[in-house]
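Data block below; observations after.
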Amino acid sequence: MKVLEGAVAAPNARIAVVVARFNSFINESLLEGAVDALKRIGQVKDENITLVRVPGAYELPLVARRLAESKKYDAIVALGTVIRGGTAHFEYVAGEASSGLGQVAMQADIPVAFGVLTTENIEQAIERAGTKAGNKGAEAALVALEVVNLLEQIKSA
Ligand code: INI
């Protein structure tokens with residue numbers, strides 16, 4: 001049986017990390033987790049990581065698309081936090097971020113990891129940004145590297 005499964009270390013990978021400023025106190029922890037995971041676990045070189053800041057999660061897909069189209073990156077890690085408020089705004093922002101980033105991955109044919117928290121409240125976001133529920137930024141970064149390696153394996157299988 002042939003099994004294709006990507007490793008996590010990707011020393012030659014070129015990664016763009018796109019992070020939203022909205023809810024920045026959470027997003028900076030996601031970013032810290034993502035960069036730590038890329039470098040320490042993924043062995044990605046500092047000079048091969050590009051950080052891009054955008055206003056909010058709604059802007060992630062367009063900017064991710066431009067980055068993907070530049071062909072300068074093997075994967076994109078998108079980071080943001082959408083916290084439910086009293087209106088339907090949450091649904092629109094979270095929905096666009098999610099479906100937009102998915103579309104970018106499919107159109108550009110590179111991994112676009114979804115490191116966007118969509119939570120009911122601030123506590124849930126804090127829990128997922130480096131406290132008791134781990135760090136979703138780090139998880140997204142590692143997923144991006146694994147899929148980069150998996151796609152490479154599929155190509156050469
Ligand atoms: N952007 C976020 O990243 N998270 C949010 O929770 C959020 N809320 O709730 O409003 C948010 N809004 C801004 C949005 O991403 C856009 O920047 C804005 O609508 C302009 O396009």
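FYI, nothing fancy with the structure tokens labels: chains A, B, ... in order, residues from 1 per chain, ligands from 1 as they appear.
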
Task: Filtered DSSP result for region 11-64 of chain A, state strand (DSSP E), as a list in words - done: Ile15, Ala16, Val17, Val18, Val19, Ala20, Ile49, Thr50, Leu51, Val52, Arg53 and Val54 of chain A

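A distance cut-off of 8 Å from ligand 1, applied to only C-alpha atoms and all ligand atoms, picks out the residues Ala20, Arg21, Phe22, Asn23, Val54, Pro55, Gly56, Ala57, Tyr58, Glu59, Gly80, Thr81, Val82, Ile83, Arg84, Gly85, His89, Phe90, Val93 and Ala94 of chain A.
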
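Each of A:Arg65, A:Gly134, A:Ala140, A:Val17 was compared to Val116 (chain A) using only C-alpha atoms, and A:Ala140 turns out to be the nearest.
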
Open item on the list: Neighbouring residues of Lys2 (chain A) were defined as those with any atom within 12 Å, considering only C-alpha atoms; residues of the same chain fewer than 3 positions away were excluded. Please report them as a ChimeraX atom specification.
Closed with: /A:5,153-154,157

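Closest approach to Val63 (chain A) among A:Ala125, A:Gly42, A:Val18, A:Leu79 is made by A:Val18 (distances from only C-alpha atoms).
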
- [ ] If you run DSSP over the backbone, which residues in chain A end up helix (DSSP H, G or I)? Put them as a ChimeraX atom specification.
- [x] /A:24-41,46-48,57-69,89-108,122-127,136-156
